[in-house]
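**Student:** Submitted below is the structure of interest, expressed as C-alpha cells.
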Amino acid sequence: MEPVRVVAGTAVPLARTDVDTDQIIPSDWLKRVERTGFGAGLFSEWRDDRDFVLNRPEHAGATILVAGANFGTGSSREHAVWALQDYGFRAVVSPRFADIFRNNCTKGGLVPAEVDPDAGQALLDAVSADPTLEITVDVERRTVAAPAAGIEAPFVLDDFTRHRLLAGMDDIDLTMRHAEAIAAYETRRPAWLPRTAST
C-alpha cells in the first residue's frame with residue numbers, strides 16, 4: 001500500500017445520503033478477482049443518466065468525492081473501495097460512513113474523512129458552485145480544507161489508522177513486521193501439525 005499524507009485536488013459533489021455499496025459497485029461487476037478494473041463499474045447504474053455528476057466534464061480528473069451522510073452502507077464488499085480507487089478517487093468526505101466501509105477504506109489506502117455535518121454541507125455547496133475548487137485532505141493534520149471557500153474542518157481518524165495511512169501499511173505489511181517471530185514459532189511447533197508452504 002502506498003503511503004498517504006495529503007490528497008489535494010478537485011472534487012465531485014455527490015449530494016445523496018445513504019449511498020450503499022451496491023450503488024457504488026453493482027453486484028454484476030463482482031466477477032473479477034483482481035483489485036483493478038472496477039472503475040468502469042463505479043455507480044454504473046446511475047451513470048446511465050447523462051446528467052449524473054460523474055458524467056459532467058467539469059469534474060473529470062477529480063481525486064476527492066464529497067458525499068452526503070451514511071456513505072458506504074449495505075454489504076461489506078471491498079470492491080466498493082477498489083472501484084472508487086480505480087476510478088481515481090484518493091479520499092471520500094462525508095458526515096458519516098458505514099463502519100465496515102470505513103474500515104475497508106483504511107485497509108486499502110482510501111482516506112475516509114468524516115466531517116461535521118455542517119462542514120460536509122458547506123463542502124458540497126462549495127464544490128457544486130465551483131467545480132475547480134481545490135480541496136486538501138491532510139491525513140497528518142486530520143483536516144479537510146478548501147481555502148478559497150473559507151472552509152477548514154477536522155475529520156475523525158484514530159491514531160493507529162492515521163499511522164497506517166502515513167506509513168502505507170496494510171494488514172500484510174503489519175503481519176510481515178513480525179516475520180522473524182512467526183518463523184521462530186513455526187520451528188517450535190510439533191512436526192505432525194500442518195505447516196505453511198514456506199516453512
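Each chain in the C-alpha cells gets a letter, A, B and so on, in the order shown; residues start at 1 in every chain, and ligands are counted from 1 in the order they appear.
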Skip segment 70-72 of chain A itself and residues of its chain fewer than 5 positions away, then list as an MDAnalysis selection string all residues within 8 Å of it, counting only C-alpha atoms.
**Tutor:** chainID A and resid 17:21 24 80 94:98 101:102
**Student:** Would you mind exporting N, CA, C and O atoms of the selected residues as a PDB file, in the first residue's frame?
**Tutor:**
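Result went into selection.pdb, see below:
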```
ATOM      1  N   THR A  17     -27.641  10.918   0.285  1.00  0.00           N
ATOM      2  CA  THR A  17     -27.369  10.244   1.550  1.00  0.00           C
ATOM      3  C   THR A  17     -27.646   8.755   1.405  1.00  0.00           C
ATOM      4  O   THR A  17     -28.298   8.323   0.453  1.00  0.00           O
ATOM      5  N   ASP A  18     -27.145   7.978   2.363  1.00  0.00           N
ATOM      6  CA  ASP A  18     -27.388   6.537   2.431  1.00  0.00           C
ATOM      7  C   ASP A  18     -26.991   5.814   1.144  1.00  0.00           C
ATOM      8  O   ASP A  18     -27.711   4.913   0.670  1.00  0.00           O
ATOM      9  N   VAL A  19     -25.879   6.191   0.566  1.00  0.00           N
ATOM     10  CA  VAL A  19     -25.388   5.508  -0.637  1.00  0.00           C
ATOM     11  C   VAL A  19     -24.800   4.169  -0.206  1.00  0.00           C
ATOM     12  O   VAL A  19     -23.875   4.114   0.608  1.00  0.00           O
ATOM     13  N   ASP A  20     -25.355   3.077  -0.723  1.00  0.00           N
ATOM     14  CA  ASP A  20     -24.865   1.762  -0.295  1.00  0.00           C
ATOM     15  C   ASP A  20     -23.864   1.188  -1.298  1.00  0.00           C
ATOM     16  O   ASP A  20     -23.691   1.700  -2.405  1.00  0.00           O
ATOM     17  N   THR A  21     -23.212   0.122  -0.866  1.00  0.00           N
ATOM     18  CA  THR A  21     -22.123  -0.437  -1.675  1.00  0.00           C
ATOM     19  C   THR A  21     -22.626  -1.039  -2.978  1.00  0.00           C
ATOM     20  O   THR A  21     -21.874  -1.136  -3.941  1.00  0.00           O
ATOM     21  N   ILE A  24     -22.604   1.824  -5.228  1.00  0.00           N
ATOM     22  CA  ILE A  24     -21.222   2.199  -5.570  1.00  0.00           C
ATOM     23  C   ILE A  24     -20.687   1.264  -6.656  1.00  0.00           C
ATOM     24  O   ILE A  24     -20.118   1.718  -7.650  1.00  0.00           O
ATOM     25  N   ALA A  80     -16.223  -2.001  -3.423  1.00  0.00           N
ATOM     26  CA  ALA A  80     -16.668  -0.601  -3.440  1.00  0.00           C
ATOM     27  C   ALA A  80     -15.462   0.332  -3.302  1.00  0.00           C
ATOM     28  O   ALA A  80     -15.357   1.334  -4.014  1.00  0.00           O
ATOM     29  N   SER A  94     -17.398  12.713   3.994  1.00  0.00           N
ATOM     30  CA  SER A  94     -18.813  12.507   4.310  1.00  0.00           C
ATOM     31  C   SER A  94     -19.032  12.797   5.791  1.00  0.00           C
ATOM     32  O   SER A  94     -18.115  12.618   6.605  1.00  0.00           O
ATOM     33  N   PRO A  95     -20.254  13.198   6.163  1.00  0.00           N
ATOM     34  CA  PRO A  95     -20.542  13.367   7.593  1.00  0.00           C
ATOM     35  C   PRO A  95     -20.614  12.047   8.355  1.00  0.00           C
ATOM     36  O   PRO A  95     -20.532  12.030   9.575  1.00  0.00           O
ATOM     37  N   ARG A  96     -20.796  10.940   7.636  1.00  0.00           N
ATOM     38  CA  ARG A  96     -20.813   9.640   8.308  1.00  0.00           C
ATOM     39  C   ARG A  96     -20.581   8.526   7.300  1.00  0.00           C
ATOM     40  O   ARG A  96     -21.113   8.558   6.193  1.00  0.00           O
ATOM     41  N   PHE A  97     -19.758   7.549   7.731  1.00  0.00           N
ATOM     42  CA  PHE A  97     -19.510   6.361   6.909  1.00  0.00           C
ATOM     43  C   PHE A  97     -20.040   5.131   7.627  1.00  0.00           C
ATOM     44  O   PHE A  97     -20.044   5.073   8.857  1.00  0.00           O
ATOM     45  N   ALA A  98     -20.445   4.130   6.856  1.00  0.00           N
ATOM     46  CA  ALA A  98     -20.732   2.826   7.444  1.00  0.00           C
ATOM     47  C   ALA A  98     -19.424   2.258   7.977  1.00  0.00           C
ATOM     48  O   ALA A  98     -18.373   2.414   7.349  1.00  0.00           O
ATOM     49  N   PHE A 101     -17.384  -0.181   5.673  1.00  0.00           N
ATOM     50  CA  PHE A 101     -16.839   0.536   4.519  1.00  0.00           C
ATOM     51  C   PHE A 101     -15.644   1.383   4.937  1.00  0.00           C
ATOM     52  O   PHE A 101     -14.606   1.382   4.275  1.00  0.00           O
ATOM     53  N   ARG A 102     -15.780   2.109   6.045  1.00  0.00           N
ATOM     54  CA  ARG A 102     -14.657   2.942   6.508  1.00  0.00           C
ATOM     55  C   ARG A 102     -13.434   2.073   6.793  1.00  0.00           C
ATOM     56  O   ARG A 102     -12.318   2.427   6.433  1.00  0.00           O
TER      57      ARG A 102
END
```
**Student:** Which residue gives the smallest distance to Pro26 of chain A among A:Val6, A:Val12, A:Glu45, A:Thr187, with only C-alpha atoms counted?
**Tutor:**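 Of the candidates, the smallest distance to Pro26 of chain A is held by A:Glu45.
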**Student:** Need the shell around segment 39-42 of chain A: protein/DNA/RNA residues with any atom at most 12 Å away, counting only C-alpha atoms. Skip same-chain ones fewer than 2 positions apart. Format as an NGL selection string?
**Tutor:** :A and (20-32 or 35-37 or 44-48 or 54-55 or 79-89)
**Student:** Can those selected residues be exported to a file as a CSV table (one decimal), in the first residue's frame so that it contains C-alpha atoms?
**Tutor:**
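Result file is out-v8.csv:
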```
chain,number,residue,atom,x,y,z
A,20,ASP,CA,-24.9,1.8,-0.3
A,21,THR,CA,-22.1,-0.4,-1.7
A,22,ASP,CA,-24.4,-2.0,-4.3
A,23,GLN,CA,-25.0,1.5,-5.7
A,24,ILE,CA,-21.2,2.2,-5.6
A,25,ILE,CA,-20.4,-1.0,-7.5
A,26,PRO,CA,-23.4,-3.1,-8.6
A,27,SER,CA,-23.2,-6.9,-8.0
A,28,ASP,CA,-22.9,-7.8,-11.7
A,29,TRP,CA,-19.4,-6.2,-11.6
A,30,LEU,CA,-18.1,-8.6,-8.9
A,31,LYS,CA,-16.9,-11.3,-11.1
A,32,ARG,CA,-13.3,-10.1,-11.2
A,35,ARG,CA,-8.5,-5.3,-7.4
A,36,THR,CA,-8.3,-3.4,-10.7
A,37,GLY,CA,-10.8,-2.8,-13.4
A,44,SER,CA,-22.7,2.2,-13.2
A,45,GLU,CA,-26.5,2.2,-12.9
A,46,TRP,CA,-26.5,5.9,-12.1
A,47,ARG,CA,-24.0,6.7,-14.9
A,48,ASP,CA,-26.7,5.7,-17.4
A,54,LEU,CA,-19.7,11.8,-12.7
A,55,ASN,CA,-20.6,12.3,-16.3
A,79,HIS,CA,-15.0,-3.9,-4.3
A,80,ALA,CA,-16.7,-0.6,-3.4
A,81,VAL,CA,-13.3,0.8,-2.2
A,82,TRP,CA,-11.5,-0.7,-5.2
A,83,ALA,CA,-14.0,0.9,-7.6
A,84,LEU,CA,-13.6,4.3,-6.1
A,85,GLN,CA,-9.8,4.0,-6.2
A,86,ASP,CA,-9.7,2.6,-9.7
A,87,TYR,CA,-11.8,5.5,-10.9
A,88,GLY,CA,-9.2,7.9,-9.4
A,89,PHE,CA,-10.5,8.9,-6.0
```
**Student:** So that I can check the secondary structure, give me every residue of segment 15-190 of chain A assigned strand (DSSP E) by backbone DSSP, as a compact mmCIF listing (two decimals) with N, CA and C atoms, in the first residue's frame.
**Tutor:**
```txt
# COMPACT_ATOMS: atom_id res chain seq x y z
N ILE A 64 -11.19 13.63 -5.20
CA ILE A 64 -11.91 13.60 -3.92
C ILE A 64 -13.41 13.53 -4.21
N LEU A 65 -14.10 12.65 -3.49
CA LEU A 65 -15.56 12.55 -3.59
C LEU A 65 -16.15 13.15 -2.32
N VAL A 66 -17.03 14.14 -2.46
CA VAL A 66 -17.72 14.73 -1.31
C VAL A 66 -19.16 14.22 -1.35
N ALA A 67 -19.52 13.43 -0.35
CA ALA A 67 -20.81 12.75 -0.36
C ALA A 67 -21.66 13.16 0.83
N ALA A 91 -9.66 10.07 -1.76
CA ALA A 91 -10.31 10.38 -0.48
C ALA A 91 -11.80 10.56 -0.70
N VAL A 92 -12.58 10.23 0.33
CA VAL A 92 -14.02 10.46 0.33
C VAL A 92 -14.34 11.26 1.58
N VAL A 93 -15.10 12.34 1.41
CA VAL A 93 -15.51 13.18 2.54
C VAL A 93 -17.00 12.99 2.75
N SER A 94 -17.40 12.71 3.99
CA SER A 94 -18.81 12.51 4.31
C SER A 94 -19.03 12.80 5.79
N VAL A 111 -8.72 7.40 1.83
CA VAL A 111 -8.92 8.17 3.06
C VAL A 111 -10.40 8.47 3.26
N PRO A 112 -11.02 7.97 4.35
CA PRO A 112 -12.40 8.33 4.67
C PRO A 112 -12.38 9.50 5.65
N ALA A 113 -12.69 10.70 5.17
CA ALA A 113 -12.64 11.89 6.02
C ALA A 113 -14.04 12.21 6.52
N GLU A 114 -14.30 11.85 7.77
CA GLU A 114 -15.63 12.06 8.35
C GLU A 114 -15.67 13.41 9.04
N ILE A 135 -9.41 21.26 -3.01
CA ILE A 135 -9.62 20.75 -1.65
C ILE A 135 -8.38 19.97 -1.23
N THR A 136 -8.04 20.09 0.04
CA THR A 136 -6.91 19.33 0.58
C THR A 136 -7.40 18.49 1.75
N VAL A 137 -7.14 17.19 1.66
CA VAL A 137 -7.40 16.28 2.77
C VAL A 137 -6.04 15.91 3.35
N ASP A 138 -5.77 16.41 4.54
CA ASP A 138 -4.46 16.25 5.17
C ASP A 138 -4.56 15.18 6.25
N THR A 143 -7.34 17.17 8.73
CA THR A 143 -8.20 18.29 8.35
C THR A 143 -8.58 18.19 6.87
N VAL A 144 -9.75 18.75 6.56
CA VAL A 144 -10.19 18.96 5.19
C VAL A 144 -10.30 20.46 4.99
N ALA A 145 -9.67 20.97 3.94
CA ALA A 145 -9.68 22.42 3.74
C ALA A 145 -9.96 22.76 2.29
N ALA A 146 -10.72 23.83 2.13
CA ALA A 146 -10.94 24.46 0.82
C ALA A 146 -10.73 25.95 1.05
N ILE A 151 -13.19 27.28 4.02
CA ILE A 151 -13.60 26.10 4.78
C ILE A 151 -12.37 25.34 5.27
N GLU A 152 -12.34 25.05 6.54
CA GLU A 152 -11.37 24.11 7.10
C GLU A 152 -12.06 23.39 8.25
N ALA A 153 -12.00 22.06 8.22
CA ALA A 153 -12.72 21.27 9.22
C ALA A 153 -11.87 20.08 9.62
N PRO A 154 -11.89 19.72 10.91
CA PRO A 154 -11.19 18.49 11.32
C PRO A 154 -11.99 17.27 10.90
```
**Student:** For Thr10 of chain A, work out the shell of residues within 9 Å, counting only C-alpha atoms and skipping chain neighbours fewer than 4 positions away, then give it as a list in words.
**Tutor:** His59, Ala60, Gly61, Ala62, Thr63, Ile64, Leu65, Val127, Pro131, Thr132, Leu133, Glu134, Ile135 and Thr136 of chain A
